[in-house]
$ cat final-v3.txt   # compact mmCIF, C-alpha atoms and all ligand atoms
# COMPACT_ATOMS: atom_id res chain seq x y z
CA MET A 211 110.95 107.81 58.56
CA ARG A 212 110.24 107.62 62.28
CA LYS A 213 107.37 105.29 63.18
CA PRO A 214 104.87 107.09 65.45
CA ILE A 215 104.63 105.72 68.99
CA ILE A 216 101.53 106.13 71.13
CA ALA A 217 102.04 104.98 74.72
CA GLY A 218 99.54 104.83 77.56
CA ASN A 219 100.82 105.63 81.03
CA TRP A 220 98.18 104.15 83.30
CA LYS A 221 99.87 105.65 86.39
CA MET A 222 98.48 104.17 89.65
CA ASN A 223 95.26 102.99 88.04
CA LYS A 224 93.82 99.59 87.08
CA THR A 225 94.06 96.52 89.27
CA PRO A 226 95.21 93.30 87.59
CA SER A 227 91.63 92.30 86.72
CA GLU A 228 90.87 95.78 85.38
CA ALA A 229 94.09 95.66 83.35
CA LYS A 230 92.95 92.42 81.75
CA GLU A 231 89.57 93.99 80.95
CA LEU A 232 91.10 97.08 79.34
CA ILE A 233 93.56 95.06 77.27
CA GLU A 234 90.85 92.68 76.08
CA ALA A 235 88.73 95.65 75.01
CA LEU A 236 91.64 97.44 73.33
CA LYS A 237 93.08 94.56 71.30
CA PRO A 238 90.39 94.22 68.61
CA LEU A 239 90.14 98.00 68.18
CA VAL A 240 93.78 98.35 67.12
CA ALA A 241 94.42 94.90 65.64
CA ASP A 242 94.81 96.16 62.07
CA ASN A 243 97.02 99.13 62.89
CA ASN A 244 100.60 98.49 61.77
CA GLU A 245 101.48 102.13 61.16
CA VAL A 246 101.82 103.09 64.82
CA THR A 247 103.75 101.47 67.68
CA ALA A 248 101.20 101.04 70.48
CA VAL A 249 102.41 100.60 74.07
CA VAL A 250 100.57 100.18 77.38
CA CYS A 251 102.36 100.87 80.66
CA PRO A 252 100.40 99.40 83.60
CA THR A 253 101.42 99.62 87.22
CA ALA A 254 104.06 97.05 88.28
CA ALA A 255 101.40 94.94 89.99
CA SER A 256 99.58 94.46 86.68
CA LEU A 257 102.54 93.85 84.35
CA LEU A 258 102.47 90.08 84.51
CA ILE A 259 98.77 89.73 83.75
CA ALA A 260 99.04 92.44 81.09
CA LYS A 261 101.78 90.47 79.36
CA ARG A 262 99.64 87.35 79.38
CA TYR A 263 96.67 89.07 77.74
CA LEU A 264 98.78 91.07 75.26
CA GLU A 265 100.28 87.84 73.92
CA GLY A 266 99.76 87.57 70.17
CA SER A 267 98.62 91.20 69.80
CA ASN A 268 100.40 94.17 68.21
CA ILE A 269 100.43 96.11 71.51
CA HIS A 270 103.73 96.38 73.36
CA LEU A 271 104.28 96.35 77.11
CA GLY A 272 106.01 99.07 79.11
CA ALA A 273 106.68 99.69 82.80
CA GLN A 274 106.38 103.04 84.58
CA ASN A 275 109.64 102.98 86.50
CA MET A 276 112.53 100.76 87.57
CA HIS A 277 115.60 100.80 89.81
CA TRP A 278 118.99 100.85 88.11
CA GLU A 279 120.38 97.92 90.14
CA GLU A 280 119.63 94.31 89.22
CA SER A 281 118.79 93.23 92.78
CA GLY A 282 119.49 94.17 96.38
CA ALA A 283 118.18 95.85 99.51
CA PHE A 284 115.91 98.41 97.83
CA THR A 285 112.53 97.84 99.45
CA GLY A 286 109.61 98.48 97.15
CA GLU A 287 111.65 98.74 93.97
CA VAL A 288 111.53 96.74 90.74
CA SER A 289 114.67 95.82 88.81
CA PRO A 290 115.40 95.72 85.07
CA VAL A 291 116.02 91.96 85.31
CA MET A 292 112.51 91.47 86.70
CA LEU A 293 110.98 93.60 83.94
CA LYS A 294 112.88 91.66 81.29
CA GLU A 295 111.73 88.31 82.67
CA ILE A 296 108.09 89.46 82.55
CA GLY A 297 108.57 90.44 78.91
CA VAL A 298 108.49 94.21 79.29
CA GLU A 299 109.99 96.11 76.32
CA TYR A 300 109.70 99.78 77.28
CA VAL A 301 110.17 101.63 80.55
CA ILE A 302 109.07 105.17 81.38
CA LEU A 303 111.89 106.93 83.26
CA GLY A 304 111.95 110.30 84.97
CA HIS A 305 108.24 111.04 84.72
CA SER A 306 107.52 114.42 86.31
CA GLU A 307 105.41 112.73 89.01
CA ARG A 308 108.47 110.63 89.95
CA ARG A 309 110.61 113.76 89.96
CA GLN A 310 108.04 115.69 92.01
CA TYR A 311 106.88 113.11 94.57
CA PHE A 312 109.70 110.56 94.69
CA ALA A 313 112.80 112.71 94.52
CA GLU A 314 113.98 111.59 91.10
CA THR A 315 116.76 113.77 89.76
CA ASP A 316 118.51 114.06 86.42
CA GLU A 317 121.28 111.94 87.95
CA THR A 318 119.01 109.05 88.98
CA VAL A 319 117.20 109.28 85.65
CA ASN A 320 120.57 108.98 83.90
CA LYS A 321 121.50 105.88 85.96
CA LYS A 322 118.16 104.32 85.06
CA VAL A 323 118.52 105.15 81.35
CA LEU A 324 121.98 103.54 81.25
CA SER A 325 120.74 100.49 83.14
CA ALA A 326 117.63 100.08 80.97
CA ILE A 327 119.76 100.14 77.81
CA ALA A 328 122.23 97.65 79.33
CA HIS A 329 119.29 95.33 79.95
CA ASP A 330 117.84 95.75 76.49
CA LEU A 331 114.83 97.78 77.62
CA ILE A 332 113.80 100.88 75.65
CA PRO A 333 113.63 103.97 77.87
CA ILE A 334 110.85 106.50 77.43
CA MET A 335 112.73 109.34 79.11
CA CYS A 336 110.49 112.18 80.28
CA VAL A 337 111.44 115.85 80.38
CA GLY A 338 109.42 119.04 80.78
CA GLU A 339 109.08 122.32 82.59
CA THR A 340 106.75 123.39 85.41
CA LEU A 341 104.46 126.40 85.10
CA GLU A 342 106.85 128.51 87.22
CA GLU A 343 109.74 127.58 84.96
CA ARG A 344 107.72 128.40 81.85
CA GLU A 345 106.68 131.75 83.28
CA ALA A 346 110.28 132.48 84.24
CA GLY A 347 111.21 131.96 80.58
CA VAL A 348 113.61 129.09 81.20
CA THR A 349 111.73 126.32 79.34
CA ASP A 350 114.24 125.87 76.53
CA THR A 351 117.40 125.78 78.65
CA LEU A 352 115.77 123.64 81.31
CA VAL A 353 114.50 121.01 78.90
CA ALA A 354 117.81 120.94 77.01
CA GLY A 355 119.60 120.52 80.35
CA GLN A 356 117.33 117.60 81.33
CA VAL A 357 118.04 115.91 78.00
CA LYS A 358 121.82 116.36 78.31
CA ALA A 359 121.91 115.16 81.92
CA GLY A 360 119.57 112.23 81.36
CA LEU A 361 121.58 111.02 78.35
CA LYS A 362 125.04 111.51 79.84
CA ASP A 363 127.40 108.72 78.73
CA VAL A 364 124.75 107.09 76.56
CA ALA A 365 126.19 105.95 73.20
CA ALA A 366 124.86 107.73 70.09
CA ALA A 367 123.62 104.43 68.64
CA ASP A 368 121.59 103.81 71.80
CA ILE A 369 120.18 107.34 71.85
CA ALA A 370 118.92 106.73 68.30
CA LYS A 371 116.79 103.82 69.55
CA LEU A 372 115.21 105.38 72.62
CA VAL A 373 112.10 107.48 73.10
CA ILE A 374 111.95 110.90 74.74
CA ALA A 375 108.67 112.32 76.03
CA TYR A 376 108.24 116.06 76.30
CA GLU A 377 105.63 116.58 78.99
CA PRO A 378 105.12 120.16 80.15
CA VAL A 379 104.14 119.61 83.80
CA TRP A 380 101.40 122.27 83.64
CA ALA A 381 99.66 120.31 80.87
CA ILE A 382 99.53 116.98 82.71
CA GLY A 383 96.06 116.03 83.91
CA THR A 384 94.92 119.66 83.69
CA GLY A 385 93.08 119.61 80.38
CA LYS A 386 95.52 122.31 79.19
CA THR A 387 97.56 121.31 76.17
CA ALA A 388 100.57 123.08 74.76
CA THR A 389 99.55 124.49 71.38
CA ASP A 390 100.55 122.29 68.47
CA GLU A 391 103.17 124.84 67.43
CA GLU A 392 104.63 125.29 70.90
CA ALA A 393 104.87 121.54 71.51
CA ASN A 394 106.54 121.22 68.13
CA ARG A 395 108.95 124.07 68.90
CA VAL A 396 110.15 122.61 72.22
CA ILE A 397 110.44 119.12 70.72
CA GLY A 398 112.55 120.71 67.97
CA ILE A 399 114.84 122.05 70.70
CA ILE A 400 115.07 118.56 72.21
CA ARG A 401 116.02 117.13 68.81
CA LYS A 402 118.62 119.85 68.34
CA THR A 403 120.06 119.00 71.76
CA VAL A 404 120.25 115.32 70.78
CA GLU A 405 122.05 116.38 67.61
CA GLU A 406 124.60 118.33 69.67
CA ILE A 407 125.37 115.38 71.93
CA ALA A 408 124.91 112.42 69.58
CA GLY A 409 125.01 113.68 65.99
CA THR A 410 122.55 114.11 63.13
CA GLU A 411 121.80 110.44 62.59
CA ALA A 412 120.70 109.89 66.20
CA ALA A 413 118.68 113.14 66.16
CA GLU A 414 116.83 112.05 63.04
CA ALA A 415 116.11 108.59 64.44
CA VAL A 416 115.13 109.33 68.06
CA ARG A 417 111.37 109.35 68.59
CA ILE A 418 110.07 112.27 70.64
CA GLN A 419 106.56 112.21 72.06
CA TYR A 420 104.35 114.95 73.39
CA GLY A 421 102.50 114.30 76.65
CA GLY A 422 99.96 116.36 78.59
CA SER A 423 96.19 116.15 78.11
CA MET A 424 96.50 114.49 74.73
CA LYS A 425 93.11 113.14 73.69
CA PRO A 426 91.13 112.12 70.61
CA ALA A 427 90.07 115.75 70.03
CA ASN A 428 93.61 117.16 69.80
CA VAL A 429 95.72 114.21 68.61
CA LYS A 430 95.48 114.99 64.87
CA GLY A 431 96.74 118.55 65.22
CA LEU A 432 99.63 117.55 67.46
CA MET A 433 100.63 114.58 65.29
CA ALA A 434 100.54 116.74 62.15
CA GLN A 435 103.52 118.66 63.50
CA PRO A 436 106.80 117.55 61.91
CA GLU A 437 108.80 117.12 65.12
CA ILE A 438 106.14 115.25 67.11
CA ASP A 439 106.52 111.48 66.77
CA GLY A 440 103.88 110.30 69.20
CA GLY A 441 102.18 110.75 72.52
CA LEU A 442 102.52 109.68 76.13
CA ILE A 443 98.99 109.60 77.41
CA GLY A 444 97.59 109.46 80.92
CA GLY A 445 93.84 109.96 81.38
CA ALA A 446 92.80 109.12 77.83
CA ALA A 447 94.72 105.83 78.00
CA LEU A 448 92.36 104.42 80.62
CA LYS A 449 89.43 103.83 78.25
CA ALA A 450 89.73 101.47 75.29
CA GLU A 451 87.57 103.72 73.11
CA ASP A 452 89.72 106.83 73.72
CA PHE A 453 93.08 105.11 73.61
CA SER A 454 92.25 103.21 70.41
CA ALA A 455 91.16 106.50 68.82
CA LEU A 456 94.59 107.91 69.69
CA ILE A 457 96.41 104.90 68.26
CA ASN A 458 94.20 105.05 65.15
CA TYR A 459 94.59 108.83 64.71
CA GLN A 460 95.58 108.38 61.05
CA LYS A 461 92.39 106.51 60.16
P1 LIG B 501 97.42 113.22 80.99
O1 LIG B 501 97.29 112.66 79.60
O2 LIG B 501 96.41 112.66 81.95
O3 LIG B 501 97.53 114.71 81.00
O4 LIG B 501 98.83 112.66 81.56
C1 LIG B 501 99.96 112.85 80.78
C2 LIG B 501 101.06 112.06 81.39
O5 LIG B 501 101.58 112.41 82.44
C3 LIG B 501 101.51 110.85 80.69
O6 LIG B 501 102.70 110.37 81.22

$ encode --input "final-v3.txt" --output "structure tokens" --more "lines below"
Ligand code: 13P
Amino acid sequence: MRKPIIAGNWKMNKTPSEAKELIEALKPLVADNNEVTAVVCPTAASLLIAKRYLEGSNIHLGAQNMHWEESGAFTGEVSPVMLKEIGVEYVILGHSERRQYFAETDETVNKKVLSAIAHDLIPIMCVGETLEEREAGVTDTLVAGQVKAGLKDVAAADIAKLVIAYEPVWAIGTGKTATDEEANRVIGIIRKTVEEIAGTEAAEAVRIQYGGSMKPANVKGLMAQPEIDGGLIGGAALKAEDFSALINYQK
């Protein structure tokens, strides 16, 4: 059985003091939830303080990005070694906003995935189509291609342990959600692609999230789908009340 994983991508929101506030509010609301893996992914500037206030809780820490090198002349970047030292466990890689605004490609995503695994960080690798791509009817091949390219040279045993997030770009921050069935269908294609490249065992183990306007009102329907193992949440992760309702969707 795959354990559901609900992760909050705070994007470029929450200063360190606001991060502390949100974590302090969130902790008691999810303290008795052992059925779901809960993760918060603050901006790099808030990771250290987040780690301090998450200490002793059941909420895990993730970063939103990293460079694949350990150190060097890469102004503005954060390395896997730095994330590890802070105590980060997960790292979002290849988010569509990184692909769109910061020139991330399947190749750089693949380098980051390999590096994260080598440094014992769990990638949350994002894939998903734009509205134009959906309307052109290329969703399935595009998403499968992103999965294959992003996981190139990754060992099957490592693929089994990572997280993939299917985030249709047109559903991010728009209030539009893929229907439960359509999200489930595309995630099924992702799992099939994993099976092709890494075998049945890895495909059955890998956790695949849906992301894009997930909120308390639609979480139950999405999570009831057999292929959907969790959510990667933006807007609704910024309020303790909403995010705890997502984590506690089974209650
Ligand atoms: P929203 O939940 O705000 O649509 O954002 C989704 C997302 O991009 C999470 O990574």

$ axis_aligned_box --input "final-v3.txt" --around "ligand LIG 501 (chain B)" --padding-each-side "3 Å" --output "JSON"
{"center_x": 99.6, "center_y": 112.5, "center_z": 81.0, "size_x": 12.3, "size_y": 10.3, "size_z": 8.8}

$ closest_residue --input "final-v3.txt" --among "A:Gly409, A:Gly272, A:Gly297, A:Gly282" --to "ligand LIG 501 (chain B)" --atoms "all atoms listed in the file"
A:Gly272

$ residues_near_ligand --input "final-v3.txt" --ligand "ligand LIG 501 (chain B)" --cutoff "9 Å" --atoms "only C-alpha atoms and all ligand atoms" --output "ChimeraX atom specification"
/A:217-221,274,302,305-307,336,375,377-387,420-425,441-447

$ residues_around --input "final-v3.txt" --residues "Ile438 in chain A" --least-positions-apart "2" --cutoff "10 Å" --atoms "only C-alpha atoms" --output "ChimeraX atom specification"
/A:212,214-215,375-376,390,393-398,417-420,432-436,440-441

$ residues_around --input "final-v3.txt" --residues "Gly360 in chain A" --least-positions-apart "4" --cutoff "10 Å" --atoms "only C-alpha atoms" --output "number ranges by chain"
A: 303-304, 315-324, 335-337, 354-356, 364

$ atom_distance --input "final-v3.txt" --atom1 "CA of Glu339 in chain A" --atom2 "CA of Arg309 in chain A"
11.4 Å

$ closest_residue --input "final-v3.txt" --among "A:Thr403, A:Thr351, A:Gln310, A:Asn268" --to "Glu245 in chain A" --atoms "all atoms listed in the file"
A:Asn268

$ closest_residue --input "final-v3.txt" --among "A:Asp330, A:Glu437, A:Glu265, A:Glu314" --to "Ile399 in chain A" --atoms "only C-alpha atoms"
A:Glu437

$ residues_around --input "final-v3.txt" --residues "His270 in chain A" --least-positions-apart "2" --cutoff "8 Å" --atoms "only C-alpha atoms" --output "PDB file with C-alpha atoms, keeping the file's coordinate frame"
ATOM      1  CA  THR A 247     103.750 101.470  67.680  1.00  0.00           C
ATOM      2  CA  ALA A 248     101.200 101.040  70.480  1.00  0.00           C
ATOM      3  CA  VAL A 249     102.410 100.600  74.070  1.00  0.00           C
ATOM      4  CA  VAL A 250     100.570 100.180  77.380  1.00  0.00           C
ATOM      5  CA  LEU A 264      98.780  91.070  75.260  1.00  0.00           C
ATOM      6  CA  ASN A 268     100.400  94.170  68.210  1.00  0.00           C
ATOM      7  CA  GLY A 272     106.010  99.070  79.110  1.00  0.00           C
ATOM      8  CA  VAL A 298     108.490  94.210  79.290  1.00  0.00           C
ATOM      9  CA  GLU A 299     109.990  96.110  76.320  1.00  0.00           C
ATOM     10  CA  TYR A 300     109.700  99.780  77.280  1.00  0.00           C
TER      11      TYR A 300
END

$ atom_distance --input "final-v3.txt" --atom1 "CA of Ala450 in chain A" --atom2 "CA of Asn428 in chain A"
17.1 Å

$ closest_residue --input "final-v3.txt" --among "A:Ala388, A:Ala412, A:Leu361, A:Val429" --to "Phe453 in chain A" --atoms "all atoms listed in the file"
A:Val429

$ closest_residue --input "final-v3.txt" --among "A:Ala427, A:Ile400, A:Met292, A:Val357" --to "Leu456 in chain A" --atoms "only C-alpha atoms"
A:Ala427

$ atom_distance --input "final-v3.txt" --atom1 "CA of Ala241 in chain A" --atom2 "CA of Leu258 in chain A"
21.1 Å

$ residues_around --input "final-v3.txt" --residues "Lys224 in chain A" --least-positions-apart "4" --cutoff "9 Å" --atoms "only C-alpha atoms" --output "PyMOL selection string"
chain A and resi 220+228-230+232+252-253+256+448

$ closest_residue --input "final-v3.txt" --among "A:His277, A:Ala260, A:Leu236, A:Arg344" --to "Asp452 in chain A" --atoms "only C-alpha atoms"
A:Leu236

$ residues_near_point --input "final-v3.txt" --point "(114.3, 94.1, 83.0)" --cutoff "12 Å" --atoms "only C-alpha atoms" --output "JSON, numbers by chain"
{"A": [254, 257, 271, 272, 273, 275, 276, 277, 278, 279, 280, 281, 288, 289, 290, 291, 292, 293, 294, 295, 296, 297, 298, 299, 300, 301, 322, 323, 325, 326, 327, 328, 329, 330, 331, 332, 333]}
